[in-house]
Every structure is written in C-alpha cells, then in structure tokens.
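See below for data.csv, which holds CSV, N, CA and C atoms.
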```csv
chain,number,residue,atom,x,y,z
A,1,LYS,N,-13.3,-81.0,-23.8
A,1,LYS,CA,-12.9,-79.6,-24.2
A,1,LYS,C,-12.1,-79.7,-25.5
A,2,GLN,N,-12.3,-78.7,-26.3
A,2,GLN,CA,-11.5,-78.6,-27.5
A,2,GLN,C,-10.3,-77.7,-27.4
A,3,TYR,N,-9.3,-78.0,-28.1
A,3,TYR,CA,-8.0,-77.2,-28.1
A,3,TYR,C,-7.9,-76.6,-29.4
A,4,LYS,N,-7.8,-75.2,-29.5
A,4,LYS,CA,-7.8,-74.6,-30.8
A,4,LYS,C,-6.5,-73.8,-31.2
A,5,CYS,N,-5.5,-73.9,-30.4
A,5,CYS,CA,-4.2,-73.2,-30.7
A,5,CYS,C,-4.3,-71.7,-30.8
A,6,ALA,N,-5.2,-71.1,-30.1
A,6,ALA,CA,-5.4,-69.7,-30.2
A,6,ALA,C,-4.2,-69.0,-29.5
A,7,THR,N,-3.7,-68.0,-30.2
A,7,THR,CA,-2.6,-67.2,-29.7
A,7,THR,C,-2.9,-65.7,-29.8
A,8,ALA,N,-2.4,-65.0,-28.8
A,8,ALA,CA,-2.6,-63.5,-28.9
A,8,ALA,C,-1.4,-62.9,-28.2
A,9,SER,N,-0.9,-61.8,-28.7
A,9,SER,CA,0.2,-61.1,-28.1
A,9,SER,C,-0.4,-60.3,-26.8
A,10,ALA,N,0.5,-59.8,-26.0
A,10,ALA,CA,0.1,-59.1,-24.9
A,10,ALA,C,-0.8,-57.9,-25.3
A,11,TYR,N,-0.3,-57.2,-26.4
A,11,TYR,CA,-1.1,-56.0,-26.9
A,11,TYR,C,-2.5,-56.5,-27.4
A,12,GLU,N,-2.5,-57.6,-28.1
A,12,GLU,CA,-3.8,-58.1,-28.6
A,12,GLU,C,-4.8,-58.4,-27.4
A,13,LEU,N,-4.2,-59.1,-26.4
A,13,LEU,CA,-5.0,-59.4,-25.2
A,13,LEU,C,-5.5,-58.2,-24.6
A,14,GLU,N,-4.7,-57.2,-24.5
A,14,GLU,CA,-5.1,-55.9,-23.9
A,14,GLU,C,-6.3,-55.3,-24.7
A,15,GLN,N,-6.2,-55.4,-26.0
A,15,GLN,CA,-7.3,-54.9,-26.9
A,15,GLN,C,-8.6,-55.7,-26.7
A,16,LEU,N,-8.4,-57.0,-26.6
A,16,LEU,CA,-9.6,-57.9,-26.4
A,16,LEU,C,-10.3,-57.6,-25.1
A,17,ARG,N,-9.5,-57.2,-24.1
A,17,ARG,CA,-10.1,-56.9,-22.8
A,17,ARG,C,-11.0,-55.6,-22.8
A,18,ARG,N,-10.9,-54.8,-23.9
A,18,ARG,CA,-11.7,-53.6,-24.0
A,18,ARG,C,-13.1,-53.9,-24.5
A,19,VAL,N,-13.3,-55.1,-25.0
A,19,VAL,CA,-14.7,-55.5,-25.4
A,19,VAL,C,-15.6,-55.6,-24.2
A,20,LYS,N,-16.7,-54.9,-24.2
A,20,LYS,CA,-17.6,-54.9,-23.1
A,20,LYS,C,-18.8,-55.8,-23.3
A,21,ASN,N,-19.3,-55.9,-24.5
A,21,ASN,CA,-20.5,-56.6,-24.8
A,21,ASN,C,-20.1,-58.1,-25.1
A,22,ILE,N,-20.0,-58.9,-24.0
A,22,ILE,CA,-19.6,-60.3,-24.1
A,22,ILE,C,-20.8,-61.2,-24.0
A,23,VAL,N,-21.0,-62.1,-24.9
A,23,VAL,CA,-22.1,-63.0,-24.8
A,23,VAL,C,-21.6,-64.3,-24.4
A,24,ARG,N,-22.1,-64.9,-23.3
A,24,ARG,CA,-21.7,-66.2,-22.9
A,24,ARG,C,-22.9,-67.2,-22.9
A,25,LEU,N,-23.2,-67.5,-24.1
A,25,LEU,CA,-24.3,-68.5,-24.4
A,25,LEU,C,-23.9,-69.7,-25.1
A,26,GLY,N,-22.6,-70.1,-24.9
A,26,GLY,CA,-22.1,-71.3,-25.5
A,26,GLY,C,-21.6,-71.1,-26.9
A,27,ARG,N,-21.4,-72.1,-27.7
A,27,ARG,CA,-20.9,-72.1,-29.0
A,27,ARG,C,-22.0,-71.7,-30.1
A,28,VAL,N,-21.5,-71.2,-31.2
A,28,VAL,CA,-22.5,-70.8,-32.3
A,28,VAL,C,-23.0,-72.1,-32.9
A,29,VAL,N,-24.3,-72.2,-33.0
A,29,VAL,CA,-24.9,-73.4,-33.7
A,29,VAL,C,-25.2,-73.0,-35.2
A,30,ARG,N,-25.7,-71.8,-35.3
A,30,ARG,CA,-26.0,-71.3,-36.7
A,30,ARG,C,-26.3,-69.8,-36.7
A,31,LEU,N,-26.2,-69.2,-37.8
A,31,LEU,CA,-26.5,-67.7,-38.0
A,31,LEU,C,-27.8,-67.7,-38.7
A,32,GLU,N,-28.8,-66.9,-38.3
A,32,GLU,CA,-30.0,-66.6,-39.0
A,32,GLU,C,-30.1,-65.1,-39.4
A,33,ARG,N,-31.0,-64.7,-40.2
A,33,ARG,CA,-31.1,-63.4,-40.7
A,33,ARG,C,-31.1,-62.3,-39.5
A,34,GLU,N,-31.8,-62.6,-38.4
A,34,GLU,CA,-31.9,-61.6,-37.4
A,34,GLU,C,-31.5,-62.1,-36.0
A,35,LYS,N,-30.8,-63.2,-36.0
A,35,LYS,CA,-30.3,-63.7,-34.7
A,35,LYS,C,-29.2,-64.7,-34.9
A,36,VAL,N,-28.5,-64.9,-33.7
A,36,VAL,CA,-27.4,-65.9,-33.6
A,36,VAL,C,-27.9,-67.0,-32.7
A,37,VAL,N,-27.9,-68.2,-33.2
A,37,VAL,CA,-28.4,-69.3,-32.3
A,37,VAL,C,-27.2,-70.0,-31.7
A,38,LEU,N,-27.1,-70.0,-30.4
A,38,LEU,CA,-26.0,-70.6,-29.7
A,38,LEU,C,-26.5,-71.9,-28.9
A,39,THR,N,-25.6,-72.6,-28.4
A,39,THR,CA,-25.9,-73.9,-27.7
A,39,THR,C,-26.8,-73.6,-26.4
A,40,GLU,N,-26.7,-72.4,-25.8
A,40,GLU,CA,-27.4,-72.1,-24.6
A,40,GLU,C,-28.4,-71.0,-24.7
A,41,GLY,N,-28.8,-70.7,-25.9
A,41,GLY,CA,-29.8,-69.6,-26.1
A,41,GLY,C,-29.6,-68.9,-27.5
A,42,THR,N,-30.3,-67.8,-27.7
A,42,THR,CA,-30.2,-67.0,-28.9
A,42,THR,C,-29.9,-65.6,-28.6
A,43,LEU,N,-29.3,-64.9,-29.6
A,43,LEU,CA,-29.0,-63.5,-29.4
A,43,LEU,C,-29.6,-62.8,-30.6
A,44,ALA,N,-30.6,-61.9,-30.3
A,44,ALA,CA,-31.3,-61.2,-31.3
A,44,ALA,C,-30.4,-60.1,-31.8
A,45,THR,N,-30.3,-59.9,-33.1
A,45,THR,CA,-29.4,-58.9,-33.7
A,45,THR,C,-30.1,-57.9,-34.5
A,46,GLY,N,-31.0,-58.2,-35.4
A,46,GLY,CA,-31.7,-57.2,-36.2
A,46,GLY,C,-31.4,-57.4,-37.7
A,47,GLU,N,-32.3,-56.8,-38.5
A,47,GLU,CA,-32.2,-56.9,-39.9
A,47,GLU,C,-30.9,-56.3,-40.6
A,48,GLY,N,-30.4,-55.2,-40.0
A,48,GLY,CA,-29.3,-54.6,-40.7
A,48,GLY,C,-27.9,-55.1,-40.1
A,49,THR,N,-27.9,-56.1,-39.4
A,49,THR,CA,-26.6,-56.6,-38.8
A,49,THR,C,-25.9,-57.5,-39.7
A,50,LEU,N,-24.6,-57.3,-39.8
A,50,LEU,CA,-23.7,-58.2,-40.6
A,50,LEU,C,-23.2,-59.2,-39.7
A,51,HIS,N,-23.5,-60.5,-40.0
A,51,HIS,CA,-23.0,-61.6,-39.2
A,51,HIS,C,-21.7,-62.2,-39.9
A,52,VAL,N,-20.6,-62.3,-39.1
A,52,VAL,CA,-19.4,-62.9,-39.6
A,52,VAL,C,-19.1,-64.1,-38.7
A,53,ASP,N,-19.2,-65.3,-39.3
A,53,ASP,CA,-19.0,-66.5,-38.5
A,53,ASP,C,-17.5,-66.9,-38.5
A,54,CYS,N,-16.8,-66.7,-37.4
A,54,CYS,CA,-15.4,-67.1,-37.3
A,54,CYS,C,-15.2,-68.3,-36.4
A,55,SER,N,-16.3,-69.0,-36.2
A,55,SER,CA,-16.2,-70.1,-35.2
A,55,SER,C,-15.8,-71.5,-35.8
A,56,ALA,N,-15.7,-71.5,-37.2
A,56,ALA,CA,-15.4,-72.8,-37.8
A,56,ALA,C,-13.9,-73.2,-37.5
A,57,ASP,N,-13.7,-74.4,-37.5
A,57,ASP,CA,-12.3,-74.9,-37.3
A,57,ASP,C,-11.6,-74.8,-38.7
A,58,GLY,N,-10.6,-74.0,-38.8
A,58,GLY,CA,-9.9,-73.8,-40.0
A,58,GLY,C,-9.0,-74.9,-40.5
A,59,LEU,N,-8.7,-75.8,-39.6
A,59,LEU,CA,-7.8,-76.9,-39.9
A,59,LEU,C,-8.5,-78.2,-39.7
A,60,GLN,N,-8.7,-78.9,-40.8
A,60,GLN,CA,-9.4,-80.2,-40.8
A,60,GLN,C,-8.5,-81.2,-40.3
A,61,LYS,N,-9.0,-82.2,-39.5
A,61,LYS,CA,-8.2,-83.3,-39.0
A,61,LYS,C,-8.0,-84.3,-40.1
A,62,LEU,N,-6.8,-84.5,-40.6
A,62,LEU,CA,-6.5,-85.4,-41.6
A,62,LEU,C,-5.4,-86.4,-41.1
A,63,PRO,N,-5.3,-87.6,-41.6
A,63,PRO,CA,-4.2,-88.5,-41.2
A,63,PRO,C,-2.8,-87.9,-41.6
A,64,ALA,N,-1.9,-88.1,-40.7
A,64,ALA,CA,-0.5,-87.7,-41.0
A,64,ALA,C,0.1,-88.7,-42.1
A,65,VAL,N,0.8,-88.1,-43.0
A,65,VAL,CA,1.5,-88.9,-44.0
A,65,VAL,C,2.9,-88.4,-44.2
A,66,PRO,N,3.8,-89.2,-44.7
A,66,PRO,CA,5.2,-88.6,-44.9
A,66,PRO,C,5.1,-87.3,-45.8
A,67,ILE,N,5.8,-86.3,-45.4
A,67,ILE,CA,5.7,-85.0,-46.1
A,67,ILE,C,6.4,-85.0,-47.4
A,68,PHE,N,7.5,-85.6,-47.5
A,68,PHE,CA,8.3,-85.7,-48.8
A,68,PHE,C,8.1,-87.1,-49.4
A,69,GLN,N,7.5,-87.2,-50.5
A,69,GLN,CA,7.3,-88.5,-51.2
A,69,GLN,C,7.5,-88.4,-52.7
A,70,GLY,N,8.6,-88.7,-53.2
A,70,GLY,CA,8.9,-88.8,-54.6
A,70,GLY,C,8.5,-87.6,-55.4
A,71,GLY,N,8.9,-86.4,-55.1
A,71,GLY,CA,8.5,-85.2,-55.8
A,71,GLY,C,7.3,-84.6,-55.4
A,72,LEU,N,6.6,-85.2,-54.4
A,72,LEU,CA,5.3,-84.6,-53.9
A,72,LEU,C,5.6,-84.1,-52.5
A,73,ILE,N,5.2,-82.9,-52.2
A,73,ILE,CA,5.3,-82.4,-50.8
A,73,ILE,C,3.9,-82.2,-50.3
A,74,THR,N,3.5,-82.9,-49.2
A,74,THR,CA,2.2,-82.8,-48.5
A,74,THR,C,2.4,-81.9,-47.3
A,75,LEU,N,1.9,-80.6,-47.5
A,75,LEU,CA,2.1,-79.6,-46.4
A,75,LEU,C,1.4,-80.1,-45.1
A,76,GLN,N,2.1,-80.1,-44.0
A,76,GLN,CA,1.6,-80.4,-42.7
A,76,GLN,C,2.4,-79.7,-41.7
A,77,SER,N,1.9,-79.4,-40.5
A,77,SER,CA,2.7,-78.8,-39.5
A,77,SER,C,3.8,-79.7,-39.0
A,78,VAL,N,4.9,-79.1,-38.7
A,78,VAL,CA,6.0,-79.9,-38.1
A,78,VAL,C,6.3,-79.2,-36.7
A,79,SER,N,5.5,-78.2,-36.3
A,79,SER,CA,5.6,-77.6,-35.0
A,79,SER,C,4.2,-77.2,-34.6
A,80,MET,N,3.9,-77.6,-33.4
A,80,MET,CA,2.5,-77.4,-32.9
A,80,MET,C,2.0,-76.0,-33.1
A,81,CYS,N,0.9,-75.8,-33.8
A,81,CYS,CA,0.2,-74.6,-33.9
A,81,CYS,C,1.0,-73.5,-34.7
A,82,GLN,N,2.0,-74.0,-35.4
A,82,GLN,CA,2.8,-73.0,-36.1
A,82,GLN,C,2.9,-73.4,-37.6
A,83,GLN,N,1.7,-73.2,-38.3
A,83,GLN,CA,1.6,-73.5,-39.7
A,83,GLN,C,2.6,-72.7,-40.6
A,84,VAL,N,2.8,-71.4,-40.3
A,84,VAL,CA,3.7,-70.6,-41.1
A,84,VAL,C,5.1,-71.0,-40.9
A,85,LEU,N,5.6,-71.2,-39.7
A,85,LEU,CA,6.9,-71.7,-39.4
A,85,LEU,C,7.1,-73.1,-40.1
A,86,SER,N,6.1,-73.9,-40.0
A,86,SER,CA,6.2,-75.3,-40.6
A,86,SER,C,6.4,-75.2,-42.1
A,87,ALA,N,5.6,-74.4,-42.8
A,87,ALA,CA,5.7,-74.2,-44.2
A,87,ALA,C,7.1,-73.7,-44.6
A,88,ALA,N,7.6,-72.7,-43.9
A,88,ALA,CA,8.9,-72.1,-44.2
A,88,ALA,C,10.0,-73.1,-44.0
A,89,PHE,N,9.9,-73.9,-42.9
A,89,PHE,CA,10.9,-75.0,-42.7
A,89,PHE,C,10.9,-76.0,-43.8
A,90,LEU,N,9.7,-76.4,-44.2
A,90,LEU,CA,9.6,-77.4,-45.3
A,90,LEU,C,10.2,-76.9,-46.6
A,91,GLY,N,9.9,-75.6,-46.8
A,91,GLY,CA,10.5,-75.0,-48.0
A,91,GLY,C,12.1,-75.0,-47.9
A,92,TYR,N,12.6,-74.7,-46.7
A,92,TYR,CA,14.0,-74.7,-46.5
A,92,TYR,C,14.6,-76.1,-46.8
A,93,LEU,N,13.9,-77.1,-46.2
A,93,LEU,CA,14.4,-78.5,-46.4
A,93,LEU,C,14.4,-78.9,-47.9
A,94,GLU,N,13.4,-78.5,-48.6
A,94,GLU,CA,13.3,-78.8,-50.0
A,94,GLU,C,14.4,-78.1,-50.8
A,95,GLY,N,14.6,-76.8,-50.4
A,95,GLY,CA,15.6,-76.0,-51.1
A,95,GLY,C,17.0,-76.5,-50.9
A,96,ARG,N,17.3,-77.0,-49.8
A,96,ARG,CA,18.7,-77.4,-49.5
A,96,ARG,C,19.0,-78.8,-50.1
A,97,GLY,N,17.9,-79.5,-50.5
A,97,GLY,CA,18.2,-80.8,-51.2
A,97,GLY,C,18.3,-81.9,-50.2
A,98,GLY,N,18.6,-83.1,-50.8
A,98,GLY,CA,18.7,-84.3,-50.0
A,98,GLY,C,17.6,-85.3,-50.3
A,99,SER,N,17.7,-86.5,-49.8
A,99,SER,CA,16.7,-87.5,-50.0
A,99,SER,C,15.4,-87.2,-49.3
A,100,ASP,N,14.4,-87.8,-49.8
A,100,ASP,CA,13.1,-87.7,-49.1
A,100,ASP,C,13.2,-88.3,-47.7
A,101,ASP,N,13.9,-89.4,-47.5
A,101,ASP,CA,14.1,-90.0,-46.2
A,101,ASP,C,14.8,-89.1,-45.3
A,102,ALA,N,15.9,-88.4,-45.7
A,102,ALA,CA,16.6,-87.5,-44.8
A,102,ALA,C,15.7,-86.3,-44.4
A,103,LYS,N,15.0,-85.8,-45.4
A,103,LYS,CA,14.1,-84.7,-45.1
A,103,LYS,C,13.0,-85.1,-44.1
A,104,ASN,N,12.4,-86.3,-44.3
A,104,ASN,CA,11.3,-86.7,-43.5
A,104,ASN,C,11.8,-87.0,-42.0
A,105,LYS,N,13.1,-87.3,-41.9
A,105,LYS,CA,13.6,-87.5,-40.5
A,105,LYS,C,13.6,-86.2,-39.7
A,106,LEU,N,13.6,-85.1,-40.4
A,106,LEU,CA,13.6,-83.8,-39.8
A,106,LEU,C,12.2,-83.2,-39.7
A,107,ALA,N,11.3,-83.9,-40.3
A,107,ALA,CA,9.9,-83.3,-40.5
A,107,ALA,C,8.8,-84.3,-40.2
A,108,THR,N,8.8,-84.8,-39.0
A,108,THR,CA,7.6,-85.6,-38.6
A,108,THR,C,6.4,-84.8,-38.5
A,109,PRO,N,5.3,-85.2,-39.2
A,109,PRO,CA,4.1,-84.4,-39.1
A,109,PRO,C,3.6,-84.2,-37.6
A,110,VAL,N,3.1,-83.1,-37.3
A,110,VAL,CA,2.5,-82.8,-36.0
A,110,VAL,C,1.0,-82.5,-36.2
A,111,PRO,N,0.1,-83.5,-36.1
A,111,PRO,CA,-1.3,-83.3,-36.3
A,111,PRO,C,-1.9,-82.1,-35.5
A,112,HIS,N,-2.8,-81.4,-36.0
A,112,HIS,CA,-3.4,-80.3,-35.3
A,112,HIS,C,-4.2,-80.8,-34.1
A,113,PRO,N,-3.9,-80.3,-32.9
A,113,PRO,CA,-4.6,-80.9,-31.8
A,113,PRO,C,-6.1,-80.3,-31.6
A,114,ASP,N,-7.0,-81.2,-31.2
A,114,ASP,CA,-8.4,-80.9,-31.0
A,114,ASP,C,-8.7,-81.1,-29.5
A,115,THR,N,-8.0,-82.0,-28.8
A,115,THR,CA,-8.3,-82.3,-27.4
A,115,THR,C,-7.0,-82.1,-26.6
A,116,VAL,N,-7.2,-82.1,-25.3
A,116,VAL,CA,-6.0,-82.0,-24.4
A,116,VAL,C,-5.0,-83.1,-24.7
A,117,PRO,N,-5.4,-84.4,-24.8
A,117,PRO,CA,-4.4,-85.5,-25.1
A,117,PRO,C,-3.7,-85.2,-26.5
A,118,ASP,N,-4.5,-84.7,-27.5
A,118,ASP,CA,-3.9,-84.3,-28.8
A,118,ASP,C,-2.8,-83.3,-28.6
A,119,GLY,N,-3.1,-82.3,-27.7
A,119,GLY,CA,-2.1,-81.3,-27.4
A,119,GLY,C,-0.8,-81.8,-26.8
A,120,VAL,N,-1.0,-82.8,-25.9
A,120,VAL,CA,0.2,-83.4,-25.3
A,120,VAL,C,1.0,-84.1,-26.4
A,121,ARG,N,0.4,-84.9,-27.2
A,121,ARG,CA,1.1,-85.6,-28.3
A,121,ARG,C,1.7,-84.6,-29.3
A,122,ALA,N,1.0,-83.5,-29.6
A,122,ALA,CA,1.6,-82.5,-30.5
A,122,ALA,C,2.8,-81.9,-29.9
A,123,GLN,N,2.8,-81.6,-28.6
A,123,GLN,CA,4.0,-81.0,-28.0
A,123,GLN,C,5.1,-82.0,-28.0
A,124,PHE,N,4.9,-83.3,-27.8
A,124,PHE,CA,5.9,-84.3,-27.8
A,124,PHE,C,6.5,-84.3,-29.2
A,125,LEU,N,5.7,-84.4,-30.3
A,125,LEU,CA,6.2,-84.5,-31.6
A,125,LEU,C,7.0,-83.2,-32.0
A,126,THR,N,6.5,-82.0,-31.6
A,126,THR,CA,7.2,-80.8,-31.8
A,126,THR,C,8.6,-80.8,-31.2
A,127,ILE,N,8.7,-81.2,-29.9
A,127,ILE,CA,10.0,-81.3,-29.3
A,127,ILE,C,10.9,-82.3,-29.9
A,128,SER,N,10.3,-83.4,-30.4
A,128,SER,CA,11.1,-84.4,-31.1
A,128,SER,C,11.7,-83.8,-32.4
A,129,ASN,N,10.9,-83.1,-33.1
A,129,ASN,CA,11.3,-82.5,-34.3
A,129,ASN,C,12.5,-81.5,-34.0
A,130,ARG,N,12.2,-80.6,-33.1
A,130,ARG,CA,13.2,-79.6,-32.8
A,130,ARG,C,14.5,-80.2,-32.3
A,131,MET,N,14.5,-81.3,-31.6
A,131,MET,CA,15.7,-82.0,-31.2
A,131,MET,C,16.4,-82.5,-32.4
A,132,ALA,N,15.7,-83.0,-33.4
A,132,ALA,CA,16.3,-83.5,-34.6
A,132,ALA,C,17.0,-82.4,-35.4
A,133,TRP,N,16.5,-81.1,-35.3
A,133,TRP,CA,17.0,-80.0,-36.0
A,133,TRP,C,18.4,-79.5,-35.5
A,134,GLU,N,18.7,-79.9,-34.2
A,134,GLU,CA,19.9,-79.4,-33.6
A,134,GLU,C,21.1,-80.2,-34.0
```
This structure in structure tokens:
Amino acid sequence: KQYKCATASAYELEQLRRVKNIVRLGRVVRLEREKVVLTEGTLATGEGTLHVDCSADGLQKLPAVPIFQGGLITLQSVSMCQQVLSAAFLGYLEGRGGSDDAKNKLATPVPHPDTVPDGVRAQFLTISNRMAWE
C-alpha cells in the first residue's frame, strides 16, 4: 500500500461525503479522449468531458542531503507531510544565522513517505527534529 500524506479538515471531509458518484475501479492508468482507464476497468465519459488527472505523486522520492551546505539551501521536509511548515522553519533558521552545522542539527531531512515503513521512519525523524527544537 502507498502512503500519500493526504489530509482533510472535518469540514472538508463532510463536503467529500456529499459526493455520490464514486467510482471504485482502482487507480488511474491513463486518460483517453472519451474514457478513464483504471486498473480494474474503464469509465466511459464522453466527448465533452474535461478530464483533470490529480492522481500523480506531487513529491518525487529523492535522496536526503544536508539542507544547509555552504550558501546553498536544498529545500526538504523537516516535518512529515508538512512542506509549508518545513519551508517556513528553514527560512527562520537561515534568517537567524549560525553555522550550517548548527542549522542542520535542527533540520534533519524527513523523506516523503510512500509506504507504511516509510511513514514510521518519517514520524521518528519528525519527532527527533521537534525534540531538537525545544
């Protein structure tokens, strides 16, 4: 199973539950002019239908590297599934100054999880970072 860090507020979840036309034919394989091809079947749509594919993974799995390296900042999450918080925190660290080593001790990269074991590791790294912040 894949882990995607999906989040929704209580209000958003309530709105999602209003959707009645739910298709349970697996993951999207491809979009064609008049149909959506899924892993367990196809869904006919029609010529005038606008298809918007939101199924792609927006975060590519890349190796973690030190974030602060001699004037270069490599943006990475430092809190699981919290890219905006992470970027803000890294900006704060850069703005307050200090050595790259000191900043990196507060900003261990937390790779984006794709699997359940990845999620456990990401939680551990997130907790480790937050303990270093206190």
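Across A:Ala8, A:Ala102, A:Val110, A:Met131, the tightest approach to Ala64 of chain A is made by A:Val110 when counting only N, CA and C atoms.
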Handout entry: Selection near segment 66-77 of chain A, 7 Å with all atoms listed in the file, sequence-local residues under 2 positions removed, as a PyMOL selection string
Key = chain A and resi 64+79-83+86-87+100-101+103-104+107-112
File dump, residues just selected, N, CA and C atoms, as a CSV table (one decimal), in the coordinates of the input:
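Generated output (again.csv):
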```csv
chain,number,residue,atom,x,y,z
A,64,ALA,N,-1.9,-88.1,-40.7
A,64,ALA,CA,-0.5,-87.7,-41.0
A,64,ALA,C,0.1,-88.7,-42.1
A,79,SER,N,5.5,-78.2,-36.3
A,79,SER,CA,5.6,-77.6,-35.0
A,79,SER,C,4.2,-77.2,-34.6
A,80,MET,N,3.9,-77.6,-33.4
A,80,MET,CA,2.5,-77.4,-32.9
A,80,MET,C,2.0,-76.0,-33.1
A,81,CYS,N,0.9,-75.8,-33.8
A,81,CYS,CA,0.2,-74.6,-33.9
A,81,CYS,C,1.0,-73.5,-34.7
A,82,GLN,N,2.0,-74.0,-35.4
A,82,GLN,CA,2.8,-73.0,-36.1
A,82,GLN,C,2.9,-73.4,-37.6
A,83,GLN,N,1.7,-73.2,-38.3
A,83,GLN,CA,1.6,-73.5,-39.7
A,83,GLN,C,2.6,-72.7,-40.6
A,86,SER,N,6.1,-73.9,-40.0
A,86,SER,CA,6.2,-75.3,-40.6
A,86,SER,C,6.4,-75.2,-42.1
A,87,ALA,N,5.6,-74.4,-42.8
A,87,ALA,CA,5.7,-74.2,-44.2
A,87,ALA,C,7.1,-73.7,-44.6
A,100,ASP,N,14.4,-87.8,-49.8
A,100,ASP,CA,13.1,-87.7,-49.1
A,100,ASP,C,13.2,-88.3,-47.7
A,101,ASP,N,13.9,-89.4,-47.5
A,101,ASP,CA,14.1,-90.0,-46.2
A,101,ASP,C,14.8,-89.1,-45.3
A,103,LYS,N,15.0,-85.8,-45.4
A,103,LYS,CA,14.1,-84.7,-45.1
A,103,LYS,C,13.0,-85.1,-44.1
A,104,ASN,N,12.4,-86.3,-44.3
A,104,ASN,CA,11.3,-86.7,-43.5
A,104,ASN,C,11.8,-87.0,-42.0
A,107,ALA,N,11.3,-83.9,-40.3
A,107,ALA,CA,9.9,-83.3,-40.5
A,107,ALA,C,8.8,-84.3,-40.2
A,108,THR,N,8.8,-84.8,-39.0
A,108,THR,CA,7.6,-85.6,-38.6
A,108,THR,C,6.4,-84.8,-38.5
A,109,PRO,N,5.3,-85.2,-39.2
A,109,PRO,CA,4.1,-84.4,-39.1
A,109,PRO,C,3.6,-84.2,-37.6
A,110,VAL,N,3.1,-83.1,-37.3
A,110,VAL,CA,2.5,-82.8,-36.0
A,110,VAL,C,1.0,-82.5,-36.2
A,111,PRO,N,0.1,-83.5,-36.1
A,111,PRO,CA,-1.3,-83.3,-36.3
A,111,PRO,C,-1.9,-82.1,-35.5
A,112,HIS,N,-2.8,-81.4,-36.0
A,112,HIS,CA,-3.4,-80.3,-35.3
A,112,HIS,C,-4.2,-80.8,-34.1
```
Problem - One-decimal distance in Å that lies between atom CA of Arg121 of chain A and atom C of Val84 of chain A - result: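 We find that atom C of Val84 of chain A and atom CA of Arg121 of chain A lie 19.7 Å from each other.
The coordinates place atom C of Ala10 of chain A at 25.8 Å from atom CA of Leu25 of chain A.
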Completion exercise
A straight line from atom CA of Lys4 of chain A to atom CA of Ile22 of chain A spans 19.7 Å
Practice task
Once DSSP has gone over the backbone, tell me which residues of segment 40-97 of chain A are in strand (DSSP E or B), as a PyMOL selection string.
Solution key: chain A and resi 41-44+68-69+72-73
Exercise for the section: Using all atoms listed in the file, pick whichever of A:Glu32, A:Val78, A:His51, A:Ser99 has the shortest atom-to-atom distance to Asn129 of chain A. Expected result: A:Val78
Practice task
Counting only C-alpha atoms, note down every residue that has an atom within 12 Å of the point (-27.9, -73.7, -20.0) (file coordinates), as a ChimeraX atom specification.
Solution key: /A:24-27,38-42
Handout entry: Spatial neighbours of Arg130 of chain A, max dist 9 Å, only C-alpha atoms, sep filter under 3 positions, as a ChimeraX atom specification
Key = /A:78-79,106,125-127,133-134
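The closest residue to Glu34 of chain A, picked from A:Asn21, A:Gly48, A:Phe124, A:Gly119 and counting only N, CA and C atoms, is A:Gly48.
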